[in-house]
Amino acid sequence: MRIVIPLFDGFTALDVVGPYEVLRMLPHADVVFAAAAPGARADGERRLRLLATAPFQDVGEADILVVPGGPGTRRLLAEEPLLDWIRRIHATTRWTTSVCTGSLLLAAAGLLDGLEATTHWGAVDLLESFGARYTARRVVEQPGGIITAAGVSSGIDMALRLAELVEGRVAAEAFQLAIEYDPQPPFDSGSYGKAPQEAKDYLAARRDASASDPGSAR
């Protein structure tokens, strides 16, 4: 079971690590972190780095492709070598998946034309500009083995569903138990539709500060 996760500068850490912690438990799982060239790639805050061990050119097939999101995705939407690689890998997969704004890369590669898909709530318009039809569902499955997950933490939900598809419900439940994934958040503000206006305003103010001061926290 070859699982390929592409890395790029500006990925979101949980988009990668969340699905990895689930999918690595699949029997005979072979997880490959790939990039344009081997080496470390920094997350969106440039504080955490993950190591890509394989160049894209050496990765020609996968059973599962997991495309993470992050602020770096927007810089890659016209990066034709990467988009062509995604198309070529998709032709070999049983499942092609994305987390958060990783769906923008699937859409830019032409894989989501006319299909329902999800992404982070802040990227809805951009997703639809590439021909996808946004839905607010947390995990969206489409014919052809395409699965998209909404923002960041939903990658764990997607990976558990994928584990069920690959190995059955009992295995997926066992993996959920192994990572003790039993969400009990202290607040009910985890989606844009439920979050209070004050929380939305707070995020907007931080984004504005980050845009005017590269050293500002996001």
# chains A, B, ... in the order shown; residues from 1 in each chain; ligands from 1

$ residues_around --residues "region 19-35 of chain A" --least-positions-apart "5" --cutoff "7 Å" --atoms "only C-alpha atoms" --output "ChimeraX atom specification"
/A:1-8,52-56,155-156,159-160,163,175

$ select_by_dssp --residues "region 13-214 of chain A" --states "alpha helix (DSSP H)" --output "VMD selection string"
chain A and resid 13 to 23 80 to 90 102 to 108 124 to 129 154 to 167 169 to 178 197 to 212

$ closest_atom_pairs --of "region 98-168 of chain A" --to "region 189-213 of chain A" --cutoff "10 Å" --atoms "only C-alpha atoms" --output "tab-separated table"
residue	atom	partner	partner_atom	distance
A:His120	CA	A:Ser191	CA	9.5
A:Trp121	CA	A:Tyr192	CA	6.7
A:Gly122	CA	A:Tyr192	CA	9.0
A:Ala136	CA	A:Ser191	CA	9.0
A:Arg138	CA	A:Ser191	CA	9.5
A:Ala150	CA	A:Ser191	CA	9.7
A:Gly151	CA	A:Ser191	CA	9.0
A:Ser153	CA	A:Gly190	CA	9.6

$ write_last_selection --atoms "C-alpha atoms" --output "JSON list (two decimals), in the first residue's frame"
[["chain", "number", "residue", "atom", "x", "y", "z"],
["A", 120, "HIS", "CA", -10.84, 25.53, 3.94],
["A", 121, "TRP", "CA", -13.66, 28.08, 4.26],
["A", 122, "GLY", "CA", -11.25, 30.87, 3.35],
["A", 136, "ALA", "CA", -19.41, 22.61, 3.31],
["A", 138, "ARG", "CA", -16.31, 17.87, 6.15],
["A", 150, "ALA", "CA", -12.17, 20.56, 4.62],
["A", 151, "GLY", "CA", -9.80, 22.62, 6.77],
["A", 153, "SER", "CA", -8.20, 18.91, 11.31]]

$ select_by_dssp --residues "chain A" --states "strand (DSSP E or B)" --output "PyMOL selection string"
chain A and resi 2-6+11+30-35+39-43+49-52+54-55+64-67+95-99+116-117+133-134+139-142+146-149

$ residues_around --residues "Glu116 (chain A)" --least-positions-apart "6" --cutoff "10 Å" --atoms "only C-alpha atoms" --output "PyMOL selection string"
chain A and resi 128+131-137+140-142+147-148

$ residues_around --residues "Gly69 (chain A)" --least-positions-apart "2" --cutoff "10 Å" --atoms "only C-alpha atoms" --output "list in words"
Leu7, Phe8, Gly10, Phe11, Thr12, Ala13, Leu14, Asp15, Val16, Gly44, Val66, Val67, Pro71, Gly72, Thr73, Arg74, Ser98, Val99, Cys100, Thr101, Gly102, Ser103, Leu104, Leu105, Thr119, His120, Ala150, Gly151 and Val152 of chain A

$ atom_distance --atom1 "CA of Leu76 (chain A)" --atom2 "CA of Arg161 (chain A)"
27.6 Å

$ residues_around --residues "His90 (chain A)" --least-positions-apart "3" --cutoff "12 Å" --atoms "only C-alpha atoms" --output "JSON, numbers by chain"
{"A": [4, 59, 60, 61, 62, 63, 64, 65, 66, 67, 83, 84, 85, 86, 87, 93, 94, 95, 96, 97, 98, 106, 109, 110, 111, 112, 144, 145, 146, 147]}
